[in-house]
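Asks: Here's a structure for you.
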Amino acid sequence: MSTEITQAPVVRPTILPLTDGVIHLRRGGTSVVVDVHALDGPVIVHWGVELEDVPEQLASLAAGATLQRISGGLDETARLGMLATPAHGWLGTPGIDGHGERGSSLRFSVTDIGVEDHEATLLLSDVETGLTATLELRLGASGLFHQRITVRNVSEDDFTLTSLQAAFPVPWDATELVETTGRHLRERSAQRHGFTFGTHLRESRRGRPGADATLLLTAGRPGFGFERGRVHGIHVAWSGNHRVMAERVTTGEAFLAGGELLLPGEGVLAPGESMSTPWVMGSWGDGLSELSHRFHDEWRARPQHPRRPRPVTLNTWEAVYFDHDLGKLTELADVAASVGVERFVLDDGWFNGRRDDTAGLGDWFVDEQVWPEGLHPLVEHVHAAGMEFGLWVEPEMVNPDSDLARKHPEWILQARQDLPPSGRQQQVLNLAHPNAYAFIAGRLHALLEEYPISYLKWDHNRDLVDAGSGPGGRNMVHNHTLALYRLLDELKQAHPTLEIESCASGGARVDLGILDRTDRIWTSDCLDPLERLENQKYTSLLVPPEMMGMHLTSPVVHSTRRTVSLNLSAAVALFGHFGIEWDLTQTDHTTRASIAEWVSFAKDIRDLVATGRTVFGDGTDPGLDVRGMVAADKSRAIYAVTQITTTITSPPAPITLPGLNPHINYRVRIIHPGGQDPQPGQSPLAWDRQESVLNGHILSTIGLRPPVQYPQQATIIEALQPI
């Protein structure tokens, strides 16, 4: 997923004959139809429901999308081409923009076409400006639609790209948008609004997607939800600056588009150089759940996708913070092992000078004052307890108060004489600087070679602002992002069993560019289970649940000071990569026994989580949240029914259980891992007191009554096909 400026030779695709100038890609329930010989350049005339491969109908479909000449317009009314520009007559946002010695007017025409299996490559050329463009289209097995554009400068002069983005047409009746925004501790809060005429633009200028970024920009029929309602959405698989937009124009076209946001000077192409967009991916479905399943299915099919059961993880941050003491940490490890933890992760505070967050970043040597024998005693103790060992690092960052910064101030990203505004008392290293890269890579390799570390918690706690190569230098976000990718790839290649978590002030760098190289994300620094409900719901639209870090937390939540029960915290953490963020040495035996029950239950369903379908119920009372995991063969499902607030009705109205096979009978029952919380209901719940068997059609359309619960409680319901 690189957008590196390269000197790569032009690749000529196999030229295949087309039927009436139409390309038809179909796979995984999706069709993409491209009118190759349109006057506007190649035009996508359909992306969505799978069509029959009937040449006459496809040709007629292309003809049916052609616009008439109208009064007050140009003599040739332009459509949304795949590389639309004003020179084609397109009056909306261009697909490509830039300038060079030969001017800024761009108009591309098709020169070569290649189609093979579920992929197509179109070569385009603009002779006047000396540019060529390669359009790559690909349909994944799940029907996920990928686009990437590569522009090459074949002239004798420099050319500067200012924008380059892939467009995805959506149906005209997709008149609502759903996206997310947020902040630290509250990433991915949903917002819904009309898809009206004009442009709705979302940009990330943080050097990473940011906590306020939308993972997906979706457009659908009014009122679409998770269970139903046709919806299309796109994602930019890039970990630097990016932009996504939705645009509706008066010629009757609506589209979503996305790509990298290029800062001034980042898109300069010397003669012979080329630049690519990131892969931009589009999914669609009848409801957001079906749309998300296309992403999950394709991601799980990758050869590097984590296959083994996700280890139950304990992270030490909220247990000890910077107070590293071998006795305390070994005691914590012993308690963690006793409740079933499989991976023990030592967080921030282990390296030179790191007694708080004001100093030490960049000095990646074990602090001998705190750890006189190195980390070996702790690592050996963790392994003896039957657990893997993990370590927190933040390799892209540096404190000005560090030996590294004092020795190599030229390695810090800055565009002026003064340093950029700090964040968490830190600055950013320029990984695109060869010496800085070599130093950081060398220290990481040394740690991984000295200690049997199976997991790196890779943090990134600061936005990239004013990130230049030095005073008066070039913007470096693009090159820094590529260097990050290169470093992650190098570490994985040298240490094949190493797993890496992408953490960025919690969930501020969540995208499929970073997730193609890492094994999970830290979904949010906020572990408040009520706050986590929405965050995890909308993160899971893109990210497979087994790649989302979800931990139960202490009774008084670190980030909100809310008091929560163990059962609520654990239930909300179930449908992801389960773990613990808590000083377990302060718990009593009864609490540890309950934690052990939840850990055991999480292990029981983790295969379901790693292979099943994430589903969410629509139409419930606002005081209730219904979500679940349904097995791929739909033989089993686990649902969590969370009482957020009191409901208007008492007892609560029936809830439905989405995602089940309507033709399968299911035995439904309530499960109580960790013990049952006090309930306000004054009589038993009838269906749970007997052998209740209902088919999936009844459960998903009529439903059943959930138990009466106090606010901040959750109930686990199992639906199992009887043997």
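Just remember, in the structure tokens the first chain shown is A, the second B, etc., residues are 1-based per chain, and ligands are 1-based in the order shown.
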Using only C-alpha atoms, which residues sit within 7 Å of Glu499 (chain A) once same-chain residues fewer than 2 positions away are excluded, as number ranges by chain?
Replies: A: 454-456, 497, 501, 518-519
Asks: Using the chain letters and numbers from this document, which residues of region 8-223 of chain A does DSSP assign to strand (DSSP E), as a PyMOL selection string?
Replies: chain A and resi 22-27+30-35+43-49+96-100+109-116+119-126+131-139+145-153+159-164+166-170+176-183+186-194+198-204+217-220
Asks: Could you tell me how far CA of Arg517 (chain A) lies from CA of Arg343 (chain A), in Å and to one decimal?
Replies: 20.2 Å
Asks: For the helix (DSSP H, G or I) assignment from backbone DSSP, which residues of region 488-518 of chain A qualify? Please present them as a CSV table (one decimal) with all heavy atoms, in the first residue's frame.
Replies:
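Saved file part33.csv follows:
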chain,number,residue,atom,x,y,z
A,488,LEU,N,8.4,-1.5,9.9
A,488,LEU,CA,7.6,-2.5,10.4
A,488,LEU,C,7.8,-3.8,9.5
A,488,LEU,O,7.9,-4.9,10.1
A,488,LEU,CB,6.1,-2.1,10.3
A,488,LEU,CG,5.7,-1.0,11.3
A,488,LEU,CD1,4.3,-0.5,11.0
A,488,LEU,CD2,5.7,-1.5,12.7
A,489,ASP,N,7.9,-3.6,8.2
A,489,ASP,CA,8.1,-4.8,7.3
A,489,ASP,C,9.4,-5.4,7.7
A,489,ASP,O,9.6,-6.7,7.7
A,489,ASP,CB,8.1,-4.3,5.9
A,489,ASP,CG,6.7,-3.9,5.4
A,489,ASP,OD1,5.7,-4.2,6.1
A,489,ASP,OD2,6.6,-3.2,4.4
A,490,GLU,N,10.5,-4.6,7.9
A,490,GLU,CA,11.8,-5.2,8.2
A,490,GLU,C,11.8,-6.0,9.5
A,490,GLU,O,12.4,-7.1,9.6
A,490,GLU,CB,12.8,-4.0,8.3
A,490,GLU,CG,14.2,-4.4,8.7
A,490,GLU,CD,15.1,-3.2,9.0
A,490,GLU,OE1,15.0,-2.2,8.2
A,490,GLU,OE2,15.9,-3.3,9.9
A,491,LEU,N,11.1,-5.4,10.5
A,491,LEU,CA,11.1,-6.1,11.8
A,491,LEU,C,10.3,-7.5,11.7
A,491,LEU,O,10.7,-8.5,12.3
A,491,LEU,CB,10.4,-5.3,12.9
A,491,LEU,CG,11.2,-4.0,13.3
A,491,LEU,CD1,10.3,-3.1,14.2
A,491,LEU,CD2,12.4,-4.5,14.1
A,492,LYS,N,9.2,-7.5,10.9
A,492,LYS,CA,8.4,-8.7,10.8
A,492,LYS,C,9.2,-9.7,10.0
A,492,LYS,O,9.2,-10.9,10.3
A,492,LYS,CB,7.1,-8.4,10.0
A,492,LYS,CG,6.1,-7.7,10.9
A,492,LYS,CD,5.4,-8.7,11.8
A,492,LYS,CE,4.1,-8.1,12.4
A,492,LYS,NZ,3.2,-9.2,12.8
A,493,GLN,N,10.0,-9.3,9.0
A,493,GLN,CA,10.8,-10.2,8.2
A,493,GLN,C,11.9,-10.8,9.1
A,493,GLN,O,12.2,-12.0,9.0
A,493,GLN,CB,11.3,-9.5,7.0
A,493,GLN,CG,12.1,-10.5,6.1
A,493,GLN,CD,12.6,-9.8,4.8
A,493,GLN,OE1,12.5,-8.6,4.7
A,493,GLN,NE2,13.2,-10.5,3.9
A,494,ALA,N,12.5,-10.0,9.9
A,494,ALA,CA,13.6,-10.5,10.7
A,494,ALA,C,13.2,-11.3,11.9
A,494,ALA,O,13.9,-12.2,12.4
A,494,ALA,CB,14.5,-9.3,11.2
Asks: Find the residues near region 568-583 of chain A: any atom within 7 Å, counting only C-alpha atoms, skip ones fewer than 6 places away on the same chain, and give them as an MDAnalysis selection string.
Replies: chainID A and resid 310 312:316 318:319 529 533 545:554 598 602 609 640 712:714
Asks: Could you check which of A:Thr642, A:Ser155, A:Ser142, A:Thr614 is closest to Thr539 (chain A), using only C-alpha atoms?
Replies: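 Nearest to Thr539 (chain A): A:Thr614.
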Asks: Report, in Å with one decimal, the straight-line distance from CA of Pro311 (chain A) to CA of Glu342 (chain A).
Replies: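 Separation between CA of Pro311 (chain A) and CA of Glu342 (chain A): 5.3 Å.
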Asks: Using only C-alpha atoms, which protein or nucleic acid residues come within 7 Å of Ile44 (chain A)? Drop anything in the same chain fewer than 4 positions from it, and give the result as a PyMOL selection string.
Replies: chain A and resi 33-35+82
Asks: Could you please take those selected residues and save all heavy atoms as a PDB file, in the first residue's frame?
Replies:
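Output contents, as saved in again-v4.pdb:
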ATOM      1  N   VAL A  33     -18.753  -2.215 -13.430  1.00  0.00           N
ATOM      2  CA  VAL A  33     -18.862  -2.084 -14.880  1.00  0.00           C
ATOM      3  C   VAL A  33     -18.237  -0.759 -15.293  1.00  0.00           C
ATOM      4  O   VAL A  33     -18.597   0.295 -14.758  1.00  0.00           O
ATOM      5  CB  VAL A  33     -20.336  -2.146 -15.341  1.00  0.00           C
ATOM      6  CG1 VAL A  33     -20.421  -2.014 -16.859  1.00  0.00           C
ATOM      7  CG2 VAL A  33     -20.987  -3.451 -14.877  1.00  0.00           C
ATOM      8  N   VAL A  34     -17.278  -0.822 -16.223  1.00  0.00           N
ATOM      9  CA  VAL A  34     -16.549   0.365 -16.667  1.00  0.00           C
ATOM     10  C   VAL A  34     -16.773   0.561 -18.155  1.00  0.00           C
ATOM     11  O   VAL A  34     -16.534  -0.353 -18.958  1.00  0.00           O
ATOM     12  CB  VAL A  34     -15.037   0.233 -16.392  1.00  0.00           C
ATOM     13  CG1 VAL A  34     -14.307   1.506 -16.818  1.00  0.00           C
ATOM     14  CG2 VAL A  34     -14.782  -0.065 -14.924  1.00  0.00           C
ATOM     15  N   ASP A  35     -17.244   1.741 -18.535  1.00  0.00           N
ATOM     16  CA  ASP A  35     -17.341   2.149 -19.936  1.00  0.00           C
ATOM     17  C   ASP A  35     -15.985   2.742 -20.310  1.00  0.00           C
ATOM     18  O   ASP A  35     -15.632   3.844 -19.897  1.00  0.00           O
ATOM     19  CB  ASP A  35     -18.463   3.176 -20.101  1.00  0.00           C
ATOM     20  CG  ASP A  35     -18.671   3.589 -21.550  1.00  0.00           C
ATOM     21  OD1 ASP A  35     -17.877   3.180 -22.414  1.00  0.00           O
ATOM     22  OD2 ASP A  35     -19.631   4.340 -21.821  1.00  0.00           O
ATOM     23  N   MET A  82     -13.029   8.312 -14.344  1.00  0.00           N
ATOM     24  CA  MET A  82     -12.146   7.782 -13.309  1.00  0.00           C
ATOM     25  C   MET A  82     -10.947   8.691 -13.056  1.00  0.00           C
ATOM     26  O   MET A  82     -10.288   8.572 -12.016  1.00  0.00           O
ATOM     27  CB  MET A  82     -11.671   6.378 -13.696  1.00  0.00           C
ATOM     28  CG  MET A  82     -12.794   5.362 -13.735  1.00  0.00           C
ATOM     29  SD  MET A  82     -12.195   3.705 -14.122  1.00  0.00           S
ATOM     30  CE  MET A  82     -11.190   3.373 -12.683  1.00  0.00           C
TER      31      MET A  82
END
Asks: What lies within 9 Å of His697 (chain A) using only C-alpha atoms, ignoring chain neighbours under 3 positions off, as an mmCIF file with all heavy atoms, in the first residue's frame?
Replies:
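Done, and the output landed in around_15.cif:
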data_model
loop_
_atom_site.group_PDB
_atom_site.id
_atom_site.type_symbol
_atom_site.label_atom_id
_atom_site.label_comp_id
_atom_site.auth_asym_id
_atom_site.auth_seq_id
_atom_site.Cartn_x
_atom_site.Cartn_y
_atom_site.Cartn_z
ATOM 1 N N LEU A 660 -28.947 -14.568 12.394
ATOM 2 C CA LEU A 660 -29.151 -16.010 12.463
ATOM 3 C C LEU A 660 -29.737 -16.551 11.168
ATOM 4 O O LEU A 660 -30.313 -15.808 10.364
ATOM 5 C CB LEU A 660 -30.088 -16.343 13.629
ATOM 6 C CG LEU A 660 -29.595 -15.924 15.013
ATOM 7 C CD1 LEU A 660 -30.684 -16.145 16.052
ATOM 8 C CD2 LEU A 660 -28.329 -16.681 15.395
ATOM 9 N N ASN A 661 -29.589 -17.864 10.966
ATOM 10 C CA ASN A 661 -30.203 -18.536 9.812
ATOM 11 C C ASN A 661 -31.689 -18.693 10.087
ATOM 12 O O ASN A 661 -32.070 -19.341 11.072
ATOM 13 C CB ASN A 661 -29.548 -19.898 9.599
ATOM 14 C CG ASN A 661 -30.035 -20.600 8.348
ATOM 15 O OD1 ASN A 661 -31.174 -20.447 7.926
ATOM 16 N ND2 ASN A 661 -29.171 -21.402 7.742
ATOM 17 N N PRO A 662 -32.558 -18.131 9.250
ATOM 18 C CA PRO A 662 -33.995 -18.207 9.539
ATOM 19 C C PRO A 662 -34.539 -19.624 9.558
ATOM 20 O O PRO A 662 -35.603 -19.872 10.138
ATOM 21 C CB PRO A 662 -34.628 -17.372 8.417
ATOM 22 C CG PRO A 662 -33.610 -17.354 7.331
ATOM 23 C CD PRO A 662 -32.282 -17.386 8.010
ATOM 24 N N HIS A 663 -33.833 -20.574 8.963
ATOM 25 C CA HIS A 663 -34.329 -21.943 8.839
ATOM 26 C C HIS A 663 -33.754 -22.888 9.889
ATOM 27 O O HIS A 663 -34.074 -24.080 9.886
ATOM 28 C CB HIS A 663 -34.009 -22.475 7.442
ATOM 29 C CG HIS A 663 -34.488 -21.583 6.339
ATOM 30 N ND1 HIS A 663 -35.819 -21.329 6.111
ATOM 31 C CD2 HIS A 663 -33.791 -20.855 5.417
ATOM 32 C CE1 HIS A 663 -35.941 -20.495 5.085
ATOM 33 N NE2 HIS A 663 -34.719 -20.199 4.647
ATOM 34 N N ILE A 664 -32.905 -22.374 10.775
ATOM 35 C CA ILE A 664 -32.304 -23.205 11.824
ATOM 36 C C ILE A 664 -33.025 -22.947 13.143
ATOM 37 O O ILE A 664 -33.340 -21.801 13.482
ATOM 38 C CB ILE A 664 -30.800 -22.909 11.954
ATOM 39 C CG1 ILE A 664 -30.029 -23.441 10.743
ATOM 40 C CG2 ILE A 664 -30.224 -23.508 13.233
ATOM 41 C CD1 ILE A 664 -28.533 -23.187 10.802
ATOM 42 N N ASN A 665 -33.278 -24.015 13.891
ATOM 43 C CA ASN A 665 -33.799 -23.888 15.247
ATOM 44 C C ASN A 665 -32.639 -23.679 16.215
ATOM 45 O O ASN A 665 -31.594 -24.339 16.107
ATOM 46 C CB ASN A 665 -34.585 -25.136 15.651
ATOM 47 C CG ASN A 665 -35.887 -25.264 14.890
ATOM 48 O OD1 ASN A 665 -36.496 -24.271 14.496
ATOM 49 N ND2 ASN A 665 -36.331 -26.496 14.683
ATOM 50 N N LEU A 694 -36.292 -21.703 19.385
ATOM 51 C CA LEU A 694 -36.956 -20.850 18.401
ATOM 52 C C LEU A 694 -36.101 -20.824 17.139
ATOM 53 O O LEU A 694 -34.871 -20.921 17.206
ATOM 54 C CB LEU A 694 -37.110 -19.418 18.932
ATOM 55 C CG LEU A 694 -38.007 -19.233 20.164
ATOM 56 C CD1 LEU A 694 -37.772 -17.874 20.785
ATOM 57 C CD2 LEU A 694 -39.475 -19.391 19.775
ATOM 58 N N SER A 700 -34.968 -13.250 14.882
ATOM 59 C CA SER A 700 -34.464 -12.036 14.231
ATOM 60 C C SER A 700 -35.564 -11.067 13.819
ATOM 61 O O SER A 700 -35.259 -9.922 13.451
ATOM 62 C CB SER A 700 -33.618 -12.407 13.007
ATOM 63 O OG SER A 700 -34.400 -13.094 12.057
ATOM 64 N N THR A 701 -36.817 -11.505 13.858
ATOM 65 C CA THR A 701 -37.905 -10.606 13.439
ATOM 66 C C THR A 701 -38.901 -10.298 14.560
ATOM 67 O O THR A 701 -39.469 -9.208 14.601
ATOM 68 C CB THR A 701 -38.673 -11.195 12.246
ATOM 69 O OG1 THR A 701 -39.215 -12.474 12.611
ATOM 70 C CG2 THR A 701 -37.770 -11.348 11.033
ATOM 71 N N ILE A 702 -39.140 -11.264 15.445
ATOM 72 C CA ILE A 702 -40.093 -11.063 16.542
ATOM 73 C C ILE A 702 -39.341 -10.883 17.853
ATOM 74 O O ILE A 702 -39.589 -9.960 18.619
ATOM 75 C CB ILE A 702 -41.078 -12.249 16.641
ATOM 76 C CG1 ILE A 702 -41.861 -12.382 15.324
ATOM 77 C CG2 ILE A 702 -42.024 -12.058 17.829
ATOM 78 C CD1 ILE A 702 -42.724 -13.627 15.250
ATOM 79 N N GLY A 703 -38.402 -11.796 18.120
ATOM 80 C CA GLY A 703 -37.529 -11.654 19.271
ATOM 81 C C GLY A 703 -38.132 -12.163 20.554
ATOM 82 O O GLY A 703 -39.139 -12.884 20.573
#
Asks: Set the distance at 7 Å and use only C-alpha atoms: which residues neighbour region 624-629 of chain A once local chain neighbours fewer than 2 positions away are removed? I'd like the list as JSON, numbers by chain.
Replies: {"A": [608, 609, 612, 613, 614, 615, 616, 617, 620, 621, 622, 631, 637, 638, 639, 640, 641, 642, 643, 644]}
Asks: Go through A:Val22, A:Val339, A:Ile500, A:Met476 one by one, measure the shortest atom-to-atom distance of each to Phe601 (chain A) using only C-alpha atoms, and give the residue with the smallest value.
Replies: A:Val339
Asks: Smallest atom-to-atom distance to Asp40 (chain A): which of A:Met387, A:Ile113, A:Ala84, A:Leu419, using only C-alpha atoms?
Replies: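 The shortest atom-to-atom distance to Asp40 (chain A) comes from A:Ala84.
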Asks: Go ahead and compute the interatomic distance for CA of Asp604 (chain A) and CA of Leu657 (chain A), in Å to one decimal.
Replies: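 Separation between CA of Asp604 (chain A) and CA of Leu657 (chain A): 20.6 Å.
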Asks: May I have the residues within 10 Å of region 59-67 of chain A as a PyMOL selection string, using only C-alpha atoms and disregarding those fewer than 4 positions away in the same chain?
Replies: chain A and resi 19-23+33-36+38-39+43-46+54-55+76-79+251-252
Asks: Select, from A:Ser635, A:Ser292, A:Thr649, A:Asn430, the residue with the minimum atom-to-atom distance to Leu482 (chain A), counting only C-alpha atoms.
Replies: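 The shortest atom-to-atom distance to Leu482 (chain A) comes from A:Asn430.
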